[in-house]
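Asker: work32.cif (mmCIF, N, CA and C atoms) pasted underneath:
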data_data
loop_
_atom_site.group_PDB
_atom_site.id
_atom_site.type_symbol
_atom_site.label_atom_id
_atom_site.label_comp_id
_atom_site.auth_asym_id
_atom_site.auth_seq_id
_atom_site.Cartn_x
_atom_site.Cartn_y
_atom_site.Cartn_z
ATOM 1 N N MET A 1 -3.288 -31.133 23.458
ATOM 2 C CA MET A 1 -2.550 -30.293 22.544
ATOM 3 C C MET A 1 -2.286 -31.064 21.258
ATOM 4 N N THR A 2 -2.580 -30.449 20.143
ATOM 5 C CA THR A 2 -2.392 -31.136 18.869
ATOM 6 C C THR A 2 -1.078 -30.716 18.244
ATOM 7 N N GLN A 3 -0.542 -31.639 17.506
ATOM 8 C CA GLN A 3 0.711 -31.371 16.811
ATOM 9 C C GLN A 3 0.401 -31.166 15.334
ATOM 10 N N HIS A 4 0.948 -30.116 14.767
ATOM 11 C CA HIS A 4 0.768 -29.837 13.347
ATOM 12 C C HIS A 4 2.105 -30.025 12.653
ATOM 13 N N SER A 5 2.055 -30.644 11.496
ATOM 14 C CA SER A 5 3.280 -30.779 10.725
ATOM 15 C C SER A 5 3.617 -29.437 10.082
ATOM 16 N N GLY A 6 4.819 -29.298 9.652
ATOM 17 C CA GLY A 6 5.246 -28.073 8.996
ATOM 18 C C GLY A 6 4.444 -27.792 7.747
ATOM 19 N N LEU A 7 4.092 -28.859 7.022
ATOM 20 C CA LEU A 7 3.304 -28.699 5.802
ATOM 21 C C LEU A 7 1.912 -28.165 6.121
ATOM 22 N N ASP A 8 1.292 -28.653 7.206
ATOM 23 C CA ASP A 8 -0.018 -28.150 7.608
ATOM 24 C C ASP A 8 0.030 -26.660 7.924
ATOM 25 N N LEU A 9 1.069 -26.229 8.602
ATOM 26 C CA LEU A 9 1.199 -24.811 8.956
ATOM 27 C C LEU A 9 1.396 -23.954 7.715
ATOM 28 N N VAL A 10 2.199 -24.428 6.781
ATOM 29 C CA VAL A 10 2.437 -23.681 5.544
ATOM 30 C C VAL A 10 1.154 -23.584 4.731
ATOM 31 N N LEU A 11 0.436 -24.709 4.601
ATOM 32 C CA LEU A 11 -0.811 -24.689 3.837
ATOM 33 C C LEU A 11 -1.858 -23.798 4.494
ATOM 34 N N ASP A 12 -1.943 -23.814 5.820
ATOM 35 C CA ASP A 12 -2.881 -22.942 6.518
ATOM 36 C C ASP A 12 -2.549 -21.475 6.258
ATOM 37 N N PHE A 13 -1.267 -21.133 6.284
ATOM 38 C CA PHE A 13 -0.861 -19.756 6.020
ATOM 39 C C PHE A 13 -1.185 -19.359 4.584
ATOM 40 N N LEU A 14 -0.921 -20.241 3.630
ATOM 41 C CA LEU A 14 -1.189 -19.916 2.230
ATOM 42 C C LEU A 14 -2.681 -19.781 1.948
ATOM 43 N N LEU A 15 -3.506 -20.575 2.621
ATOM 44 C CA LEU A 15 -4.945 -20.517 2.380
ATOM 45 C C LEU A 15 -5.633 -19.391 3.128
ATOM 46 N N ASN A 16 -5.159 -19.055 4.332
ATOM 47 C CA ASN A 16 -5.869 -18.109 5.185
ATOM 48 C C ASN A 16 -5.098 -16.843 5.517
ATOM 49 N N GLY A 17 -3.827 -16.804 5.243
ATOM 50 C CA GLY A 17 -3.030 -15.629 5.584
ATOM 51 C C GLY A 17 -2.796 -15.510 7.078
ATOM 52 N N ILE A 18 -2.342 -14.367 7.513
ATOM 53 C CA ILE A 18 -2.037 -14.144 8.925
ATOM 54 C C ILE A 18 -3.301 -13.824 9.709
ATOM 55 N N THR A 19 -4.182 -13.036 9.115
ATOM 56 C CA THR A 19 -5.335 -12.521 9.859
ATOM 57 C C THR A 19 -6.596 -13.375 9.717
ATOM 58 N N HIS A 20 -6.597 -14.344 8.814
ATOM 59 C CA HIS A 20 -7.783 -15.157 8.543
ATOM 60 C C HIS A 20 -8.975 -14.268 8.176
ATOM 61 N N ALA A 21 -8.713 -13.238 7.388
ATOM 62 C CA ALA A 21 -9.763 -12.294 6.987
ATOM 63 C C ALA A 21 -10.697 -12.938 5.975
ATOM 64 N N SER A 22 -11.955 -12.533 6.050
ATOM 65 C CA SER A 22 -12.937 -13.037 5.082
ATOM 66 C C SER A 22 -12.837 -12.223 3.789
ATOM 67 N N GLY A 23 -13.568 -12.660 2.792
ATOM 68 C CA GLY A 23 -13.510 -11.995 1.489
ATOM 69 C C GLY A 23 -13.945 -10.547 1.538
ATOM 70 N N TRP A 24 -15.020 -10.238 2.277
ATOM 71 C CA TRP A 24 -15.490 -8.856 2.340
ATOM 72 C C TRP A 24 -14.515 -7.979 3.103
ATOM 73 N N GLN A 25 -13.804 -8.535 4.088
ATOM 74 C CA GLN A 25 -12.809 -7.744 4.821
ATOM 75 C C GLN A 25 -11.623 -7.410 3.921
ATOM 76 N N ILE A 26 -11.218 -8.348 3.101
ATOM 77 C CA ILE A 26 -10.123 -8.102 2.159
ATOM 78 C C ILE A 26 -10.541 -7.046 1.142
ATOM 79 N N LEU A 27 -11.772 -7.149 0.643
ATOM 80 C CA LEU A 27 -12.281 -6.163 -0.313
ATOM 81 C C LEU A 27 -12.335 -4.771 0.308
ATOM 82 N N LEU A 28 -12.852 -4.668 1.522
ATOM 83 C CA LEU A 28 -12.941 -3.381 2.210
ATOM 84 C C LEU A 28 -11.555 -2.769 2.438
ATOM 85 N N PHE A 29 -10.608 -3.578 2.872
ATOM 86 C CA PHE A 29 -9.237 -3.095 3.080
ATOM 87 C C PHE A 29 -8.633 -2.624 1.756
ATOM 88 N N THR A 30 -8.834 -3.401 0.706
ATOM 89 C CA THR A 30 -8.282 -3.040 -0.606
ATOM 90 C C THR A 30 -8.860 -1.725 -1.105
ATOM 91 N N LEU A 31 -10.166 -1.541 -0.970
ATOM 92 C CA LEU A 31 -10.791 -0.290 -1.396
ATOM 93 C C LEU A 31 -10.297 0.900 -0.577
ATOM 94 N N ALA A 32 -10.142 0.732 0.730
ATOM 95 C CA ALA A 32 -9.673 1.824 1.583
ATOM 96 C C ALA A 32 -8.233 2.218 1.241
ATOM 97 N N VAL A 33 -7.372 1.247 1.075
ATOM 98 C CA VAL A 33 -5.970 1.541 0.757
ATOM 99 C C VAL A 33 -5.847 2.156 -0.629
ATOM 100 N N THR A 34 -6.652 1.681 -1.580
ATOM 101 C CA THR A 34 -6.639 2.257 -2.922
ATOM 102 C C THR A 34 -7.086 3.712 -2.892
ATOM 103 N N HIS A 35 -8.122 4.012 -2.125
ATOM 104 C CA HIS A 35 -8.602 5.389 -2.012
ATOM 105 C C HIS A 35 -7.529 6.293 -1.406
ATOM 106 N N ILE A 36 -6.884 5.849 -0.358
ATOM 107 C CA ILE A 36 -5.827 6.644 0.282
ATOM 108 C C ILE A 36 -4.681 6.880 -0.698
ATOM 109 N N THR A 37 -4.322 5.866 -1.462
ATOM 110 C CA THR A 37 -3.237 6.007 -2.435
ATOM 111 C C THR A 37 -3.592 7.007 -3.526
ATOM 112 N N ILE A 38 -4.789 6.892 -4.082
ATOM 113 C CA ILE A 38 -5.212 7.808 -5.144
ATOM 114 C C ILE A 38 -5.290 9.239 -4.626
ATOM 115 N N ALA A 39 -5.844 9.426 -3.425
ATOM 116 C CA ALA A 39 -5.929 10.770 -2.847
ATOM 117 C C ALA A 39 -4.535 11.340 -2.609
ATOM 118 N N GLY A 40 -3.636 10.540 -2.088
ATOM 119 C CA GLY A 40 -2.271 11.019 -1.831
ATOM 120 C C GLY A 40 -1.545 11.429 -3.098
ATOM 121 N N VAL A 41 -1.646 10.623 -4.125
ATOM 122 C CA VAL A 41 -0.980 10.948 -5.393
ATOM 123 C C VAL A 41 -1.610 12.184 -6.022
ATOM 124 N N THR A 42 -2.930 12.271 -5.976
ATOM 125 C CA THR A 42 -3.623 13.426 -6.554
ATOM 126 C C THR A 42 -3.231 14.712 -5.842
ATOM 127 N N ILE A 43 -3.222 14.675 -4.528
ATOM 128 C CA ILE A 43 -2.837 15.870 -3.758
ATOM 129 C C ILE A 43 -1.399 16.253 -4.055
ATOM 130 N N PHE A 44 -0.498 15.263 -4.106
ATOM 131 C CA PHE A 44 0.901 15.552 -4.408
ATOM 132 C C PHE A 44 1.036 16.192 -5.782
ATOM 133 N N LEU A 45 0.413 15.590 -6.789
ATOM 134 C CA LEU A 45 0.558 16.123 -8.139
ATOM 135 C C LEU A 45 -0.068 17.505 -8.268
ATOM 136 N N HIS A 46 -1.204 17.740 -7.643
ATOM 137 C CA HIS A 46 -1.845 19.047 -7.710
ATOM 138 C C HIS A 46 -0.964 20.105 -7.067
ATOM 139 N N ARG A 47 -0.497 19.840 -5.865
ATOM 140 C CA ARG A 47 0.337 20.840 -5.182
ATOM 141 C C ARG A 47 1.649 21.064 -5.898
ATOM 142 N N CYS A 48 2.194 20.008 -6.420
ATOM 143 C CA CYS A 48 3.492 20.119 -7.083
ATOM 144 C C CYS A 48 3.371 20.864 -8.407
ATOM 145 N N GLN A 49 2.402 20.487 -9.209
ATOM 146 C CA GLN A 49 2.292 21.063 -10.537
ATOM 147 C C GLN A 49 1.600 22.422 -10.547
ATOM 148 N N ALA A 50 0.525 22.583 -9.778
ATOM 149 C CA ALA A 50 -0.260 23.809 -9.844
ATOM 150 C C ALA A 50 0.334 24.929 -9.001
ATOM 151 N N HIS A 51 0.802 24.598 -7.823
ATOM 152 C CA HIS A 51 1.232 25.635 -6.888
ATOM 153 C C HIS A 51 2.741 25.692 -6.673
ATOM 154 N N ARG A 52 3.429 24.657 -7.109
ATOM 155 C CA ARG A 52 4.860 24.534 -6.788
ATOM 156 C C ARG A 52 5.067 24.686 -5.285
ATOM 157 N N ALA A 53 4.128 24.102 -4.517
ATOM 158 C CA ALA A 53 4.140 24.258 -3.068
ATOM 159 C C ALA A 53 5.022 23.228 -2.376
ATOM 160 N N LEU A 54 5.499 22.236 -3.103
ATOM 161 C CA LEU A 54 6.344 21.224 -2.483
ATOM 162 C C LEU A 54 7.771 21.416 -2.938
ATOM 163 N N ASP A 55 8.665 21.454 -1.996
ATOM 164 C CA ASP A 55 10.089 21.526 -2.308
ATOM 165 C C ASP A 55 10.757 20.252 -1.821
ATOM 166 N N TYR A 56 11.239 19.474 -2.766
ATOM 167 C CA TYR A 56 11.928 18.245 -2.421
ATOM 168 C C TYR A 56 13.391 18.365 -2.788
ATOM 169 N N THR A 57 14.196 17.608 -2.086
ATOM 170 C CA THR A 57 15.626 17.605 -2.388
ATOM 171 C C THR A 57 15.843 16.931 -3.740
ATOM 172 N N ARG A 58 16.978 17.172 -4.327
ATOM 173 C CA ARG A 58 17.295 16.579 -5.624
ATOM 174 C C ARG A 58 17.292 15.052 -5.521
ATOM 175 N N PHE A 59 17.694 14.502 -4.371
ATOM 176 C CA PHE A 59 17.695 13.056 -4.160
ATOM 177 C C PHE A 59 16.289 12.484 -4.273
ATOM 178 N N ARG A 60 15.318 13.109 -3.611
ATOM 179 C CA ARG A 60 13.938 12.620 -3.655
ATOM 180 C C ARG A 60 13.355 12.747 -5.050
ATOM 181 N N VAL A 61 13.635 13.829 -5.723
ATOM 182 C CA VAL A 61 13.104 14.026 -7.073
ATOM 183 C C VAL A 61 13.676 12.983 -8.010
ATOM 184 N N THR A 62 14.950 12.688 -7.853
ATOM 185 C CA THR A 62 15.602 11.716 -8.736
ATOM 186 C C THR A 62 14.979 10.333 -8.581
ATOM 187 N N PHE A 63 14.748 9.902 -7.351
ATOM 188 C CA PHE A 63 14.246 8.549 -7.123
ATOM 189 C C PHE A 63 12.737 8.431 -7.157
ATOM 190 N N SER A 64 12.008 9.529 -7.121
ATOM 191 C CA SER A 64 10.562 9.446 -7.216
ATOM 192 C C SER A 64 10.098 9.448 -8.667
ATOM 193 N N GLY A 65 10.952 9.867 -9.579
ATOM 194 C CA GLY A 65 10.590 9.917 -10.983
ATOM 195 C C GLY A 65 9.731 11.115 -11.330
ATOM 196 N N SER A 66 9.553 12.029 -10.394
ATOM 197 C CA SER A 66 8.718 13.201 -10.624
ATOM 198 C C SER A 66 9.578 14.350 -11.121
ATOM 199 N N GLY A 67 8.994 15.192 -11.937
ATOM 200 C CA GLY A 67 9.721 16.351 -12.424
ATOM 201 C C GLY A 67 9.680 17.523 -11.481
ATOM 202 N N CYS A 68 8.991 17.385 -10.348
ATOM 203 C CA CYS A 68 8.871 18.494 -9.399
ATOM 204 C C CYS A 68 10.140 18.633 -8.580
ATOM 205 N N GLY A 69 10.447 19.810 -8.217
ATOM 206 C CA GLY A 69 11.594 19.978 -7.351
ATOM 207 C C GLY A 69 12.135 21.287 -7.526
#
In structure tokens, write the structure found in this file.
Answerer:
Amino acid sequence: MTQHSGLDLVLDFLLNGITHASGWQILLFTLAVTHITIAGVTIFLHRCQAHRALDYTRFRVTFSGSGCG
């Protein structure tokens, strides 16, 4: 069993993160999350502005910064 100093553990975490993902895995995750975010915002804005299909409480409208409600 090897002993690691606290500095070694911190440096390993900073260099490799929790999952030790490779560059292409990070890129793929970033693209997928970006796509989901853009689709979600687009759907929200379309339904809110075009159809007035979303009804949010005054609290949610105030903190979301959206004029819908």
Asker: Please compute the CA of Ile18 in chain A-CA of Val33 in chain A distance, one decimal, in Å.
Answerer: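 If I compute the distance from CA of Ile18 in chain A to CA of Val33 in chain A, I get 18.1 Å.
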Asker: Around range 10-17 of chain A, fit a box with edges along x, y and z, padding it by 6 Å on each side, then list its centre and edge lengths in Å to one decimal as JSON.
Answerer:
{"center_x": -1.7, "center_y": -20.1, "center_z": 4.5, "size_x": 20.3, "size_y": 21.2, "size_z": 17.1}
Asker: What gap, in Å, lies between atom N of Gly17 in chain A and atom C of Gly40 in chain A?
Answerer: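 For atom N of Gly17 in chain A relative to atom C of Gly40 in chain A, the distance reads 29.5 Å.
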Asker: For atom C of Leu27 in chain A and atom C of His46 in chain A, quote the distance in Å rounded to one decimal.
Answerer: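 We find that atom C of Leu27 in chain A and atom C of His46 in chain A lie 28.3 Å from each other.
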Asker: How would range 18-40 of chain A of the given structure read as a file with N, CA and C atoms, as a PDB file, in the first residue's frame?
Answerer:
ATOM      1  N   ILE A  18     -12.256  14.446 -10.987  1.00  0.00           N
ATOM      2  CA  ILE A  18     -12.813  13.305 -10.263  1.00  0.00           C
ATOM      3  C   ILE A  18     -12.887  12.078 -11.160  1.00  0.00           C
ATOM      4  N   THR A  19     -13.261  12.283 -12.412  1.00  0.00           N
ATOM      5  CA  THR A  19     -13.543  11.148 -13.296  1.00  0.00           C
ATOM      6  C   THR A  19     -12.348  10.709 -14.142  1.00  0.00           C
ATOM      7  N   HIS A  20     -11.272  11.482 -14.155  1.00  0.00           N
ATOM      8  CA  HIS A  20     -10.113  11.192 -15.000  1.00  0.00           C
ATOM      9  C   HIS A  20     -10.532  11.065 -16.468  1.00  0.00           C
ATOM     10  N   ALA A  21     -11.431  11.937 -16.894  1.00  0.00           N
ATOM     11  CA  ALA A  21     -11.936  11.903 -18.272  1.00  0.00           C
ATOM     12  C   ALA A  21     -10.874  12.398 -19.239  1.00  0.00           C
ATOM     13  N   SER A  22     -10.900  11.821 -20.430  1.00  0.00           N
ATOM     14  CA  SER A  22      -9.963  12.262 -21.471  1.00  0.00           C
ATOM     15  C   SER A  22     -10.519  13.514 -22.155  1.00  0.00           C
ATOM     16  N   GLY A  23      -9.712  14.091 -23.013  1.00  0.00           N
ATOM     17  CA  GLY A  23     -10.115  15.326 -23.686  1.00  0.00           C
ATOM     18  C   GLY A  23     -11.356  15.166 -24.536  1.00  0.00           C
ATOM     19  N   TRP A  24     -11.467  14.060 -25.284  1.00  0.00           N
ATOM     20  CA  TRP A  24     -12.638  13.869 -26.136  1.00  0.00           C
ATOM     21  C   TRP A  24     -13.887  13.627 -25.308  1.00  0.00           C
ATOM     22  N   GLN A  25     -13.753  13.008 -24.132  1.00  0.00           N
ATOM     23  CA  GLN A  25     -14.920  12.797 -23.268  1.00  0.00           C
ATOM     24  C   GLN A  25     -15.416  14.127 -22.706  1.00  0.00           C
ATOM     25  N   ILE A  26     -14.503  14.996 -22.349  1.00  0.00           N
ATOM     26  CA  ILE A  26     -14.882  16.322 -21.852  1.00  0.00           C
ATOM     27  C   ILE A  26     -15.564  17.117 -22.959  1.00  0.00           C
ATOM     28  N   LEU A  27     -15.016  17.047 -24.171  1.00  0.00           N
ATOM     29  CA  LEU A  27     -15.619  17.745 -25.310  1.00  0.00           C
ATOM     30  C   LEU A  27     -17.023  17.224 -25.596  1.00  0.00           C
ATOM     31  N   LEU A  28     -17.191  15.911 -25.612  1.00  0.00           N
ATOM     32  CA  LEU A  28     -18.499  15.310 -25.867  1.00  0.00           C
ATOM     33  C   LEU A  28     -19.520  15.713 -24.799  1.00  0.00           C
ATOM     34  N   PHE A  29     -19.117  15.680 -23.544  1.00  0.00           N
ATOM     35  CA  PHE A  29     -20.010  16.090 -22.451  1.00  0.00           C
ATOM     36  C   PHE A  29     -20.385  17.565 -22.597  1.00  0.00           C
ATOM     37  N   THR A  30     -19.404  18.396 -22.904  1.00  0.00           N
ATOM     38  CA  THR A  30     -19.664  19.834 -23.052  1.00  0.00           C
ATOM     39  C   THR A  30     -20.639  20.104 -24.188  1.00  0.00           C
ATOM     40  N   LEU A  31     -20.455  19.442 -25.322  1.00  0.00           N
ATOM     41  CA  LEU A  31     -21.368  19.624 -26.449  1.00  0.00           C
ATOM     42  C   LEU A  31     -22.779  19.144 -26.119  1.00  0.00           C
ATOM     43  N   ALA A  32     -22.906  18.016 -25.431  1.00  0.00           N
ATOM     44  CA  ALA A  32     -24.224  17.491 -25.077  1.00  0.00           C
ATOM     45  C   ALA A  32     -24.953  18.423 -24.105  1.00  0.00           C
ATOM     46  N   VAL A  33     -24.262  18.891 -23.096  1.00  0.00           N
ATOM     47  CA  VAL A  33     -24.890  19.781 -22.113  1.00  0.00           C
ATOM     48  C   VAL A  33     -25.249  21.118 -22.745  1.00  0.00           C
ATOM     49  N   THR A  34     -24.394  21.619 -23.637  1.00  0.00           N
ATOM     50  CA  THR A  34     -24.692  22.868 -24.333  1.00  0.00           C
ATOM     51  C   THR A  34     -25.933  22.721 -25.203  1.00  0.00           C
ATOM     52  N   HIS A  35     -26.052  21.604 -25.904  1.00  0.00           N
ATOM     53  CA  HIS A  35     -27.225  21.364 -26.744  1.00  0.00           C
ATOM     54  C   HIS A  35     -28.499  21.307 -25.900  1.00  0.00           C
ATOM     55  N   ILE A  36     -28.462  20.607 -24.795  1.00  0.00           N
ATOM     56  CA  ILE A  36     -29.635  20.508 -23.915  1.00  0.00           C
ATOM     57  C   ILE A  36     -30.011  21.888 -23.384  1.00  0.00           C
ATOM     58  N   THR A  37     -29.025  22.684 -23.019  1.00  0.00           N
ATOM     59  CA  THR A  37     -29.295  24.028 -22.506  1.00  0.00           C
ATOM     60  C   THR A  37     -29.931  24.914 -23.568  1.00  0.00           C
ATOM     61  N   ILE A  38     -29.371  24.910 -24.769  1.00  0.00           N
ATOM     62  CA  ILE A  38     -29.912  25.737 -25.849  1.00  0.00           C
ATOM     63  C   ILE A  38     -31.328  25.301 -26.208  1.00  0.00           C
ATOM     64  N   ALA A  39     -31.562  23.988 -26.291  1.00  0.00           N
ATOM     65  CA  ALA A  39     -32.904  23.492 -26.604  1.00  0.00           C
ATOM     66  C   ALA A  39     -33.890  23.887 -25.510  1.00  0.00           C
ATOM     67  N   GLY A  40     -33.498  23.755 -24.266  1.00  0.00           N
ATOM     68  CA  GLY A  40     -34.393  24.118 -23.159  1.00  0.00           C
ATOM     69  C   GLY A  40     -34.758  25.590 -23.158  1.00  0.00           C
TER      70      GLY A  40
END
